[in-house]
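**Student:** One file: start30.txt (compact mmCIF, C-alpha atoms and all ligand atoms).
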# COMPACT_ATOMS: atom_id res chain seq x y z
CA MET A 87 -26.54 -10.03 -23.98
CA ILE A 88 -23.97 -10.87 -21.36
CA LYS A 89 -26.11 -13.48 -19.54
CA ASN A 90 -24.71 -16.97 -20.25
CA ALA A 91 -21.80 -15.55 -22.26
CA VAL A 92 -18.38 -17.11 -21.64
CA ALA A 93 -15.50 -14.72 -20.99
CA VAL A 94 -11.78 -14.77 -20.33
CA VAL A 95 -10.47 -11.80 -18.35
CA THR A 96 -6.71 -11.37 -18.01
CA GLY A 97 -5.43 -9.48 -14.99
CA GLY A 98 -8.74 -10.55 -13.47
CA ALA A 99 -7.49 -10.88 -9.90
CA SER A 100 -7.03 -7.15 -9.29
CA GLY A 101 -8.27 -3.67 -10.12
CA LEU A 102 -10.08 -3.14 -13.41
CA GLY A 103 -9.92 -6.83 -14.34
CA ARG A 104 -11.37 -7.94 -11.02
CA ALA A 105 -14.25 -5.45 -11.29
CA THR A 106 -14.94 -6.81 -14.78
CA VAL A 107 -14.99 -10.42 -13.57
CA GLU A 108 -17.35 -9.41 -10.76
CA ARG A 109 -19.73 -7.54 -13.04
CA LEU A 110 -19.81 -10.25 -15.68
CA ALA A 111 -20.40 -13.00 -13.10
CA LYS A 112 -23.14 -10.96 -11.43
CA GLN A 113 -24.87 -10.55 -14.79
CA GLY A 114 -24.88 -14.32 -15.33
CA ALA A 115 -21.77 -14.79 -17.47
CA ARG A 116 -19.23 -17.55 -16.86
CA VAL A 117 -15.69 -16.34 -16.52
CA VAL A 118 -12.15 -17.67 -16.69
CA MET A 119 -10.04 -15.35 -14.59
CA ALA A 120 -6.50 -15.42 -15.96
CA ASP A 121 -3.81 -13.86 -13.84
CA LEU A 122 -0.32 -14.58 -12.56
CA GLY A 123 0.09 -17.57 -10.24
CA SER A 124 1.39 -15.12 -7.64
CA SER A 125 -1.86 -13.09 -7.74
CA LYS A 126 -4.88 -13.44 -5.47
CA GLY A 127 -6.74 -15.29 -8.23
CA ASN A 128 -7.64 -18.38 -6.19
CA GLU A 129 -9.06 -16.39 -3.28
CA VAL A 130 -10.99 -14.03 -5.55
CA ALA A 131 -12.47 -16.89 -7.61
CA LYS A 132 -13.61 -18.62 -4.42
CA GLU A 133 -15.37 -15.43 -3.32
CA LEU A 134 -17.18 -15.11 -6.64
CA GLY A 135 -18.67 -18.60 -6.86
CA ASP A 136 -18.94 -21.45 -9.34
CA ASN A 137 -19.22 -19.31 -12.47
CA VAL A 138 -15.67 -18.02 -12.02
CA VAL A 139 -12.61 -20.23 -12.52
CA PHE A 140 -9.06 -19.08 -11.87
CA VAL A 141 -6.26 -20.21 -14.19
CA PRO A 142 -2.69 -19.10 -13.45
CA VAL A 143 -1.50 -17.37 -16.61
CA ASP A 144 1.37 -15.21 -17.72
CA VAL A 145 -0.08 -13.45 -20.76
CA THR A 146 3.27 -13.53 -22.52
CA SER A 147 3.21 -17.34 -22.57
CA GLU A 148 1.53 -19.16 -25.47
CA LYS A 149 1.19 -22.28 -23.33
CA ASP A 150 -0.46 -20.47 -20.39
CA VAL A 151 -2.94 -18.60 -22.56
CA THR A 152 -3.79 -21.78 -24.45
CA THR A 153 -4.50 -23.51 -21.12
CA ALA A 154 -6.85 -20.69 -20.08
CA LEU A 155 -8.73 -20.92 -23.39
CA GLU A 156 -8.95 -24.71 -23.15
CA THR A 157 -10.42 -24.27 -19.68
CA ALA A 158 -13.09 -21.95 -21.10
CA LYS A 159 -13.95 -24.54 -23.72
CA ASP A 160 -13.84 -27.60 -21.46
CA LYS A 161 -15.68 -26.08 -18.53
CA PHE A 162 -18.07 -23.65 -20.23
CA GLY A 163 -18.18 -24.91 -23.84
CA ARG A 164 -17.10 -21.82 -25.80
CA LEU A 165 -15.58 -18.33 -25.70
CA ASP A 166 -17.64 -15.20 -26.47
CA LEU A 167 -15.60 -12.41 -24.88
CA ALA A 168 -11.90 -11.86 -24.16
CA VAL A 169 -10.94 -8.88 -21.99
CA ASN A 170 -7.29 -7.87 -21.73
CA CYS A 171 -6.65 -6.16 -18.41
CA ALA A 172 -3.26 -7.63 -17.48
CA GLY A 173 -0.73 -4.85 -17.44
CA THR A 174 2.30 -3.39 -15.79
CA ALA A 175 3.80 0.09 -15.52
CA THR A 176 7.11 1.79 -14.95
CA ALA A 177 8.12 5.42 -14.37
CA VAL A 178 11.68 6.19 -15.42
CA ARG A 179 13.13 9.08 -17.39
CA THR A 180 14.66 8.20 -20.77
CA TYR A 181 17.93 9.54 -19.44
CA ASN A 182 18.57 10.62 -15.86
CA PHE A 183 21.13 13.40 -16.24
CA ASN A 184 21.54 13.75 -12.45
CA LYS A 185 22.66 10.15 -12.15
CA ASN A 186 24.11 9.90 -15.64
CA ALA A 187 22.07 6.77 -16.27
CA ALA A 188 19.99 5.70 -19.23
CA HIS A 189 16.56 4.03 -18.91
CA ARG A 190 17.32 0.31 -18.60
CA LEU A 191 16.54 -1.49 -21.82
CA ASP A 192 15.21 -4.55 -20.00
CA ASP A 193 12.67 -2.34 -18.14
CA PHE A 194 11.47 -0.99 -21.48
CA THR A 195 11.25 -4.47 -22.98
CA ARG A 196 9.45 -5.96 -19.96
CA VAL A 197 6.66 -3.38 -20.14
CA LEU A 198 6.23 -3.90 -23.88
CA MET A 199 6.27 -7.68 -23.46
CA VAL A 200 3.39 -7.69 -20.97
CA ASN A 201 1.26 -4.79 -22.22
CA THR A 202 1.73 -5.14 -25.97
CA VAL A 203 2.95 -8.65 -26.78
CA GLY A 204 0.86 -10.23 -23.98
CA THR A 205 -2.27 -8.44 -25.20
CA PHE A 206 -1.65 -9.54 -28.79
CA ASN A 207 -0.97 -13.11 -27.63
CA VAL A 208 -4.38 -13.26 -25.96
CA ILE A 209 -6.09 -11.64 -28.94
CA ARG A 210 -4.64 -14.00 -31.54
CA LEU A 211 -5.36 -17.19 -29.58
CA SER A 212 -8.83 -16.08 -28.43
CA ALA A 213 -9.77 -15.24 -32.00
CA GLY A 214 -9.02 -18.84 -33.00
CA LEU A 215 -11.43 -20.22 -30.42
CA MET A 216 -14.15 -17.62 -31.09
CA GLY A 217 -13.92 -18.42 -34.79
CA THR A 218 -15.33 -21.89 -34.06
CA ASN A 219 -18.56 -20.42 -32.59
CA GLU A 220 -21.81 -20.54 -34.52
CA PRO A 221 -22.49 -16.93 -35.59
CA ASN A 222 -25.51 -15.09 -34.14
CA GLN A 223 -28.19 -13.57 -36.40
CA ASP A 224 -25.86 -10.60 -37.05
CA GLY A 225 -22.98 -12.89 -38.07
CA GLN A 226 -21.09 -12.19 -34.84
CA ARG A 227 -18.90 -14.87 -33.28
CA GLY A 228 -17.12 -12.98 -30.50
CA VAL A 229 -15.83 -9.75 -28.99
CA ILE A 230 -12.39 -8.70 -27.75
CA VAL A 231 -11.78 -5.73 -25.43
CA ASN A 232 -8.30 -4.38 -24.74
CA THR A 233 -7.07 -1.93 -22.15
CA ALA A 234 -4.76 0.87 -23.27
CA SER A 235 -4.48 4.09 -21.26
CA VAL A 236 -4.78 7.83 -21.76
CA ALA A 237 -0.98 7.62 -21.52
CA ALA A 238 -1.09 6.25 -25.06
CA TYR A 239 -1.88 9.85 -26.08
CA ASP A 240 -0.59 12.12 -23.31
CA GLY A 241 2.12 10.18 -21.51
CA GLN A 242 3.92 12.04 -18.74
CA ILE A 243 7.60 12.39 -17.95
CA GLY A 244 8.87 8.88 -17.18
CA GLN A 245 6.23 7.09 -19.24
CA ALA A 246 8.15 6.34 -22.45
CA ALA A 247 7.86 2.55 -22.07
CA TYR A 248 4.33 2.51 -20.70
CA SER A 249 2.99 4.99 -23.27
CA ALA A 250 4.69 3.15 -26.14
CA SER A 251 3.20 -0.15 -24.96
CA LYS A 252 -0.31 1.31 -24.78
CA ALA A 253 -0.06 3.29 -28.03
CA ALA A 254 0.78 -0.02 -29.71
CA VAL A 255 -2.47 -1.49 -28.38
CA VAL A 256 -4.39 1.52 -29.75
CA GLY A 257 -2.57 1.10 -33.06
CA MET A 258 -3.34 -2.59 -33.46
CA THR A 259 -7.06 -2.19 -32.78
CA LEU A 260 -8.23 -1.12 -36.25
CA PRO A 261 -6.09 -3.55 -38.28
CA ILE A 262 -7.18 -6.43 -36.05
CA ALA A 263 -10.84 -5.39 -36.43
CA ARG A 264 -10.26 -5.56 -40.18
CA ASP A 265 -8.44 -8.92 -39.95
CA LEU A 266 -11.16 -10.54 -37.86
CA SER A 267 -14.15 -9.03 -39.63
CA THR A 268 -14.41 -12.02 -41.96
CA GLN A 269 -15.26 -14.19 -38.92
CA GLY A 270 -17.59 -11.68 -37.27
CA ILE A 271 -15.26 -10.92 -34.36
CA ARG A 272 -15.28 -7.36 -33.04
CA ILE A 273 -12.47 -5.68 -31.13
CA CYS A 274 -12.40 -2.39 -29.21
CA THR A 275 -9.88 -0.82 -26.85
CA ILE A 276 -10.64 1.15 -23.71
CA ALA A 277 -8.24 3.96 -22.77
CA PRO A 278 -8.84 4.60 -19.05
CA GLY A 279 -7.80 7.79 -17.30
CA LEU A 280 -7.13 7.48 -13.56
CA PHE A 281 -8.80 4.62 -11.72
CA ASN A 282 -8.76 3.68 -8.09
CA THR A 283 -6.76 0.43 -8.28
CA PRO A 284 -3.60 -1.05 -6.74
CA MET A 285 -1.64 0.08 -9.84
CA LEU A 286 -2.53 3.71 -9.28
CA ALA A 287 -1.99 3.37 -5.52
CA ALA A 288 1.66 2.68 -6.37
CA LEU A 289 2.10 6.32 -7.46
CA PRO A 290 3.31 8.78 -4.83
CA GLU A 291 0.35 10.35 -2.95
CA LYS A 292 1.41 13.80 -4.15
CA VAL A 293 1.32 12.78 -7.82
CA ARG A 294 -2.07 11.03 -7.40
CA THR A 295 -3.63 14.09 -5.76
CA PHE A 296 -2.18 16.39 -8.40
CA LEU A 297 -3.45 14.17 -11.20
CA ALA A 298 -6.94 13.77 -9.69
CA LYS A 299 -7.26 17.56 -9.35
CA SER A 300 -6.50 17.99 -13.03
CA ILE A 301 -9.56 15.97 -14.11
CA PRO A 302 -12.26 18.36 -15.37
CA PHE A 303 -15.34 16.36 -14.34
CA PRO A 304 -16.05 14.33 -12.32
CA GLN A 305 -12.99 15.46 -10.37
CA ARG A 306 -12.14 12.13 -8.78
CA LEU A 307 -10.53 8.82 -9.60
CA GLY A 308 -12.68 6.47 -11.62
CA GLU A 309 -14.12 3.42 -9.91
CA PRO A 310 -13.20 0.05 -11.44
CA SER A 311 -16.94 -0.72 -11.71
CA GLU A 312 -17.24 2.20 -14.17
CA TYR A 313 -14.63 0.56 -16.39
CA ALA A 314 -16.47 -2.79 -16.14
CA HIS A 315 -19.69 -1.05 -17.18
CA LEU A 316 -18.01 0.03 -20.43
CA VAL A 317 -16.75 -3.50 -21.13
CA GLN A 318 -20.33 -4.74 -20.96
CA ALA A 319 -21.57 -1.86 -23.15
CA ILE A 320 -18.99 -2.75 -25.83
CA TYR A 321 -19.99 -6.40 -25.67
CA GLU A 322 -23.66 -5.61 -26.02
CA ASN A 323 -23.47 -2.95 -28.74
CA PRO A 324 -23.04 -4.75 -32.07
CA LEU A 325 -21.80 -1.67 -33.95
CA MET A 326 -18.81 -0.91 -31.73
CA ASN A 327 -15.72 -2.12 -33.55
CA GLY A 328 -12.17 -1.02 -34.36
CA GLU A 329 -12.27 1.96 -31.99
CA THR A 330 -10.47 3.14 -28.85
CA ILE A 331 -12.70 4.80 -26.27
CA ARG A 332 -11.33 7.12 -23.58
CA ILE A 333 -13.02 6.89 -20.18
CA ASP A 334 -11.34 9.69 -18.26
CA GLY A 335 -13.61 12.58 -17.15
CA ALA A 336 -12.04 14.66 -19.98
CA LEU A 337 -8.57 14.38 -18.39
CA ARG A 338 -5.60 15.41 -20.53
CA MET A 339 -2.48 14.65 -18.52
CA GLN A 340 0.13 17.41 -18.26
CA PRO A 341 3.87 16.67 -18.66
C1 LIG A 401 -1.83 4.02 -14.97
C2 LIG A 401 -2.34 4.75 -16.13
O1 LIG A 401 -2.48 4.19 -17.21
C3 LIG A 401 -2.74 6.13 -15.98
C4 LIG A 401 -1.53 6.95 -15.89
O2 LIG A 401 -0.75 6.99 -16.79
S1 LIG A 401 -1.39 7.79 -14.45
C5 LIG A 401 -0.02 8.84 -14.69
C6 LIG A 401 1.16 8.16 -14.28
N1 LIG A 401 2.20 9.09 -14.24
C7 LIG A 401 3.37 8.70 -13.88
O3 LIG A 401 3.57 7.55 -13.58
C8 LIG A 401 4.41 9.76 -13.88
C9 LIG A 401 5.72 9.13 -14.05
N2 LIG A 401 6.75 10.08 -13.74
C10 LIG A 401 7.30 10.19 -12.49
O4 LIG A 401 6.91 9.55 -11.51
C11 LIG A 401 8.47 11.14 -12.37
O5 LIG A 401 8.36 12.12 -13.35
C12 LIG A 401 9.82 10.43 -12.49
C13 LIG A 401 9.99 9.50 -11.28
C14 LIG A 401 9.96 9.63 -13.76
C15 LIG A 401 10.91 11.45 -12.47
O6 LIG A 401 10.68 12.37 -11.49
P1 LIG A 401 11.70 13.61 -11.30
O7 LIG A 401 10.99 14.86 -11.61
O8 LIG A 401 12.96 13.37 -12.04
O9 LIG A 401 12.09 13.54 -9.84
P2 LIG A 401 11.19 13.47 -8.57
O10 LIG A 401 12.08 13.88 -7.45
O11 LIG A 401 10.58 12.13 -8.49
O12 LIG A 401 10.03 14.58 -8.79
C16 LIG A 401 10.23 15.96 -8.61
C17 LIG A 401 8.96 16.57 -8.10
O13 LIG A 401 7.91 16.52 -9.09
C18 LIG A 401 6.79 15.77 -8.62
N3 LIG A 401 6.28 14.99 -9.74
C19 LIG A 401 6.95 14.07 -10.47
N4 LIG A 401 6.15 13.59 -11.42
C20 LIG A 401 4.97 14.19 -11.31
C21 LIG A 401 3.74 14.12 -12.00
N5 LIG A 401 3.57 13.26 -12.99
N6 LIG A 401 2.74 14.92 -11.63
C22 LIG A 401 2.89 15.78 -10.58
N7 LIG A 401 4.04 15.90 -9.88
C23 LIG A 401 5.05 15.11 -10.24
C24 LIG A 401 7.38 14.91 -7.50
O14 LIG A 401 6.36 14.56 -6.55
C25 LIG A 401 8.43 15.83 -6.90
O15 LIG A 401 7.87 16.80 -6.06
P3 LIG A 401 8.76 17.45 -4.85
O16 LIG A 401 10.01 17.93 -5.47
O17 LIG A 401 7.88 18.54 -4.32
O18 LIG A 401 8.97 16.33 -3.88
N1 LIG A 402 -5.59 2.12 -12.81
C1 LIG A 402 -5.52 3.03 -13.74
O1 LIG A 402 -5.67 4.21 -13.47
C2 LIG A 402 -5.27 2.64 -15.14
C3 LIG A 402 -4.98 1.36 -15.55
N2 LIG A 402 -4.78 1.09 -16.87
C4 LIG A 402 -4.50 -0.25 -17.35
O2 LIG A 402 -5.55 -1.10 -16.90
C5 LIG A 402 -5.07 -2.43 -16.74
C6 LIG A 402 -5.43 -2.90 -15.35
O3 LIG A 402 -4.75 -2.10 -14.43
P1 LIG A 402 -5.12 -2.03 -12.89
O4 LIG A 402 -6.30 -2.85 -12.63
O5 LIG A 402 -5.08 -0.62 -12.50
O6 LIG A 402 -3.80 -2.70 -12.29
P2 LIG A 402 -3.60 -3.83 -11.18
O7 LIG A 402 -2.15 -3.81 -10.90
O8 LIG A 402 -4.57 -3.67 -10.06
O9 LIG A 402 -3.99 -5.18 -11.96
C7 LIG A 402 -3.21 -5.68 -12.99
C8 LIG A 402 -3.29 -7.18 -12.96
O10 LIG A 402 -2.54 -7.68 -14.06
C9 LIG A 402 -1.84 -8.81 -13.62
N3 LIG A 402 -0.66 -9.05 -14.46
C10 LIG A 402 0.47 -8.32 -14.54
N4 LIG A 402 1.33 -8.90 -15.39
C11 LIG A 402 0.73 -10.02 -15.86
C12 LIG A 402 1.11 -11.04 -16.76
N5 LIG A 402 2.30 -11.04 -17.36
N6 LIG A 402 0.23 -12.04 -17.02
C13 LIG A 402 -0.98 -12.07 -16.41
N7 LIG A 402 -1.40 -11.13 -15.55
C14 LIG A 402 -0.54 -10.12 -15.27
C15 LIG A 402 -1.44 -8.50 -12.19
O11 LIG A 402 -1.15 -9.69 -11.46
C16 LIG A 402 -2.68 -7.80 -11.68
O12 LIG A 402 -3.60 -8.69 -11.09
C17 LIG A 402 -3.56 -2.36 -17.01
O13 LIG A 402 -3.33 -2.76 -18.33
C18 LIG A 402 -3.24 -0.88 -16.83
O14 LIG A 402 -2.12 -0.52 -17.57
C19 LIG A 402 -4.87 2.05 -17.82
C20 LIG A 402 -5.15 3.34 -17.47
C21 LIG A 402 -5.37 3.74 -16.12
How would this structure read if it were set down as structure tokens?
Ligand SMILES: CC(=O)CC(=O)SCCNC(=O)CCNC(=O)[C@H](O)C(C)(C)COP(=O)(O)OP(=O)(O)OC[C@H]1O[C@@H](n2cnc3c(N)ncnc32)[C@H](O)[C@@H]1OP(=O)(O)O
Ligand SMILES: NC(=O)C1=CN([C@@H]2O[C@H](COP(=O)(O)OP(=O)(O)OC[C@H]3O[C@@H](n4cnc5c(N)ncnc54)[C@H](O)[C@@H]3O)[C@@H](O)[C@H]2O)C=CC1
**Tutor:**
Amino acid sequence: MIKNAVAVVTGGASGLGRATVERLAKQGARVVMADLGSSKGNEVAKELGDNVVFVPVDVTSEKDVTTALETAKDKFGRLDLAVNCAGTATAVRTYNFNKNAAHRLDDFTRVLMVNTVGTFNVIRLSAGLMGTNEPNQDGQRGVIVNTASVAAYDGQIGQAAYSASKAAVVGMTLPIARDLSTQGIRICTIAPGLFNTPMLAALPEKVRTFLAKSIPFPQRLGEPSEYAHLVQAIYENPLMNGETIRIDGALRMQP
């Protein structure tokens, strides 16, 4: 059960991560909210009360993530759940033939660094701390939840970097579940469709409307609270492991 569990949520100051922090705190968990120093982490943590602590973290930094995990241990005594929500997106064609310009390599690398390498960084270091927990009656010591995207499967024009970064998260889920099974640590990935967050608000209105209309049912953007609900379900269901779950109203994005 989530009550009294200790969680780290990356990207916790905004969107899906923030909704997750809110839900977990409301259900009685204690949460380290890890997000960039430039985020609204401090304000959000203040709003949410004593069971939420903000730590400025860049998920690509070993030092920053270690500090966040040490905070979980020092302040709350342990780590039961790590949720990877930190992420970034870009929309650029592989080659723009009108402008005769290739996709910048540093844009591609930046997206992979945050979404793929950052996620793996949090997974590997969290696993170390969870491994020190006493196992429950089922032998479980901890749970990790990642955030991919439906773009891992049906990425649109302009999504080469983003889709590659998310497909890598889908791809690492099963081998990591196998790696960590000896310690009783589960890992699942959520592949969200279209959710009402600041990231999606960055898309042109026309594209957002078009995309929302293409969702079979319910024909609307998802609410971040619906994502947070699934995080809790994964945490509480002991058999969920090694799998990526789409939460998308049956959306299959068109080119
Ligand atoms: C966040 C998640 O995890 C979930 C998601 O993935 S949400 C899906 C996100 N999708 C994207 O980000 C799409 C990325 N792609 C794009 O934005 C564009 O394709 C691009 C900027 C890379 C290139 O666009 P382009 O076609 O070369 O030129 P552009 O002038 O921008 O677009 C041409 C037209 O197509 C429309 N369009 C572009 N991409 C579109 C899309 N994905 N869906 C619907 N319409 C689109 C534009 O609005 C524009 O319409 P008008 O000509 O009527 O103004
Ligand atoms: N909103 C949507 O429709 C969808 C979102 N996603 C994914 O869900 C996750 C959350 O996205 P949203 O909440 O929509 O976006 P958001 O932009 O509202 O929140 C992302 C958070 O991640 C933080 N972040 C970015 N880079 C970071 C870094 N290097 N280190 C630490 N924190 C960092 C940002 O500061 C921000 O607070 C992302 O991984 C995104 O790719 C996936 C599918 C759909």
**Student:** Can you pull out every residue with an atom within 6 Å of ligand LIG 402 (chain A)? Use only C-alpha atoms and all ligand atoms and format it as number ranges by chain.
**Tutor:** A: 96-103, 121-122, 125, 143-146, 171-174, 200, 233-235, 278-286
**Student:** Mind pulling up the distance from CA of Ile333 (chain A) to CA of Phe296 (chain A)?
**Tutor:**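 Atom-to-atom, CA of Phe296 (chain A) and CA of Ile333 (chain A) are spaced 18.6 Å apart.
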**Student:** If we count all atoms listed in the file and set the cut-off at 12 Å, which residues sit around Gly163 (chain A), ignoring sequence neighbours fewer than 3 positions away in its own chain? Please answer as JSON, numbers by chain.
**Tutor:** {"A": [90, 91, 92, 93, 116, 117, 118, 155, 156, 157, 158, 159, 160, 166, 215, 216, 218, 219]}
**Student:** Create the file for the chosen residues now, containing C-alpha atoms and written as a PDB file, in the coordinates of the input.
**Tutor:**
ATOM      1  CA  ASN A  90     -24.710 -16.970 -20.250  1.00  0.00           C
ATOM      2  CA  ALA A  91     -21.800 -15.550 -22.260  1.00  0.00           C
ATOM      3  CA  VAL A  92     -18.380 -17.110 -21.640  1.00  0.00           C
ATOM      4  CA  ALA A  93     -15.500 -14.720 -20.990  1.00  0.00           C
ATOM      5  CA  ARG A 116     -19.230 -17.550 -16.860  1.00  0.00           C
ATOM      6  CA  VAL A 117     -15.690 -16.340 -16.520  1.00  0.00           C
ATOM      7  CA  VAL A 118     -12.150 -17.670 -16.690  1.00  0.00           C
ATOM      8  CA  LEU A 155      -8.730 -20.920 -23.390  1.00  0.00           C
ATOM      9  CA  GLU A 156      -8.950 -24.710 -23.150  1.00  0.00           C
ATOM     10  CA  THR A 157     -10.420 -24.270 -19.680  1.00  0.00           C
ATOM     11  CA  ALA A 158     -13.090 -21.950 -21.100  1.00  0.00           C
ATOM     12  CA  LYS A 159     -13.950 -24.540 -23.720  1.00  0.00           C
ATOM     13  CA  ASP A 160     -13.840 -27.600 -21.460  1.00  0.00           C
ATOM     14  CA  ASP A 166     -17.640 -15.200 -26.470  1.00  0.00           C
ATOM     15  CA  LEU A 215     -11.430 -20.220 -30.420  1.00  0.00           C
ATOM     16  CA  MET A 216     -14.150 -17.620 -31.090  1.00  0.00           C
ATOM     17  CA  THR A 218     -15.330 -21.890 -34.060  1.00  0.00           C
ATOM     18  CA  ASN A 219     -18.560 -20.420 -32.590  1.00  0.00           C
TER      19      ASN A 219
END
**Student:** At a cut-off of 10 Å, can you tabulate as a Markdown table every residue of chain A near ligand LIG 401 (chain A) together with its closest atom pair and the distance in Å to one decimal, using only C-alpha atoms and all ligand atoms and ordering rows by chain then number?
**Tutor:**
| residue | atom | partner | partner_atom | distance |
| --- | --- | --- | --- | --- |
| A:Gly173 | CA | A:LIG401 | O1 | 9.2 |
| A:Thr174 | CA | A:LIG401 | C1 | 8.5 |
| A:Ala175 | CA | A:LIG401 | C1 | 6.9 |
| A:Thr176 | CA | A:LIG401 | O3 | 6.9 |
| A:Ala177 | CA | A:LIG401 | C9 | 4.4 |
| A:Val178 | CA | A:LIG401 | C14 | 4.2 |
| A:Arg179 | CA | A:LIG401 | C14 | 4.9 |
| A:Thr180 | CA | A:LIG401 | C14 | 8.6 |
| A:Tyr181 | CA | A:LIG401 | O8 | 9.7 |
| A:Asn182 | CA | A:LIG401 | O8 | 7.3 |
| A:Phe183 | CA | A:LIG401 | O8 | 9.2 |
| A:Asn184 | CA | A:LIG401 | O8 | 8.6 |
| A:Thr233 | CA | A:LIG401 | O1 | 9.1 |
| A:Ala234 | CA | A:LIG401 | O1 | 7.3 |
| A:Ser235 | CA | A:LIG401 | O1 | 4.5 |
| A:Val236 | CA | A:LIG401 | O1 | 6.3 |
| A:Ala237 | CA | A:LIG401 | O2 | 4.8 |
| A:Ala238 | CA | A:LIG401 | O1 | 8.2 |
| A:Tyr239 | CA | A:LIG401 | O2 | 9.8 |
| A:Asp240 | CA | A:LIG401 | O2 | 8.3 |
| A:Gly241 | CA | A:LIG401 | O2 | 6.4 |
| A:Gln242 | CA | A:LIG401 | C8 | 5.4 |
| A:Ile243 | CA | A:LIG401 | O5 | 4.7 |
| A:Gly244 | CA | A:LIG401 | C14 | 3.7 |
| A:Gln245 | CA | A:LIG401 | C9 | 5.6 |
| A:Ala246 | CA | A:LIG401 | C9 | 9.2 |
| A:Tyr248 | CA | A:LIG401 | O2 | 7.8 |
| A:Ser249 | CA | A:LIG401 | O2 | 7.7 |
| A:Lys252 | CA | A:LIG401 | O1 | 8.4 |
| A:Ala277 | CA | A:LIG401 | O1 | 8.0 |
| A:Pro278 | CA | A:LIG401 | O1 | 6.6 |
| A:Gly279 | CA | A:LIG401 | C3 | 5.5 |
| A:Leu280 | CA | A:LIG401 | C3 | 5.2 |
| A:Phe281 | CA | A:LIG401 | C3 | 7.6 |
| A:Asn282 | CA | A:LIG401 | C1 | 9.8 |
| A:Thr283 | CA | A:LIG401 | C1 | 9.1 |
| A:Pro284 | CA | A:LIG401 | C1 | 9.8 |
| A:Met285 | CA | A:LIG401 | C1 | 6.5 |
| A:Leu286 | CA | A:LIG401 | C1 | 5.7 |
| A:Ala287 | CA | A:LIG401 | C1 | 9.5 |
| A:Ala288 | CA | A:LIG401 | O3 | 8.9 |
| A:Leu289 | CA | A:LIG401 | O3 | 6.4 |
| A:Pro290 | CA | A:LIG401 | O14 | 6.8 |
| A:Glu291 | CA | A:LIG401 | O14 | 8.2 |
| A:Lys292 | CA | A:LIG401 | O14 | 5.6 |
| A:Val293 | CA | A:LIG401 | C22 | 4.4 |
| A:Arg294 | CA | A:LIG401 | N6 | 7.5 |
| A:Thr295 | CA | A:LIG401 | C22 | 8.3 |
| A:Phe296 | CA | A:LIG401 | C22 | 5.6 |
| A:Leu297 | CA | A:LIG401 | N6 | 6.3 |
| A:Ala298 | CA | A:LIG401 | S1 | 9.4 |
| A:Ser300 | CA | A:LIG401 | N6 | 9.8 |
| A:Asp334 | CA | A:LIG401 | C3 | 9.6 |
| A:Met339 | CA | A:LIG401 | C5 | 7.4 |
| A:Gln340 | CA | A:LIG401 | N5 | 7.5 |
| A:Pro341 | CA | A:LIG401 | N5 | 6.6 |
**Student:** Enter the distance from CA of Lys89 (chain A) to CA of Ala111 (chain A), in Å, rounded to one decimal.
**Tutor:**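 According to the coordinates, CA of Lys89 (chain A) and CA of Ala111 (chain A) are separated by 8.6 Å.
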**Student:** Go ahead and compute the interatomic distance for CA of Ala131 (chain A) and CA of Pro310 (chain A), in Å to one decimal.
**Tutor:**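 Distance between the two atoms: 17.4 Å.
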**Student:** Compile the contact shell of Val94 (chain A) as a short mmCIF file (atom, residue, chain, number, x, y, z; two decimals) with C-alpha atoms, keeping the file's coordinate frame: residues with an atom at most 7 Å away, counting only C-alpha atoms, same-chain residues fewer than 4 positions apart removed.
**Tutor:**
data_model
loop_
_atom_site.label_atom_id
_atom_site.label_comp_id
_atom_site.auth_asym_id
_atom_site.auth_seq_id
_atom_site.Cartn_x
_atom_site.Cartn_y
_atom_site.Cartn_z
CA VAL A 117 -15.69 -16.34 -16.52
CA VAL A 118 -12.15 -17.67 -16.69
CA MET A 119 -10.04 -15.35 -14.59
CA ALA A 120 -6.50 -15.42 -15.96
CA LEU A 167 -15.60 -12.41 -24.88
CA ALA A 168 -11.90 -11.86 -24.16
CA VAL A 169 -10.94 -8.88 -21.99
#
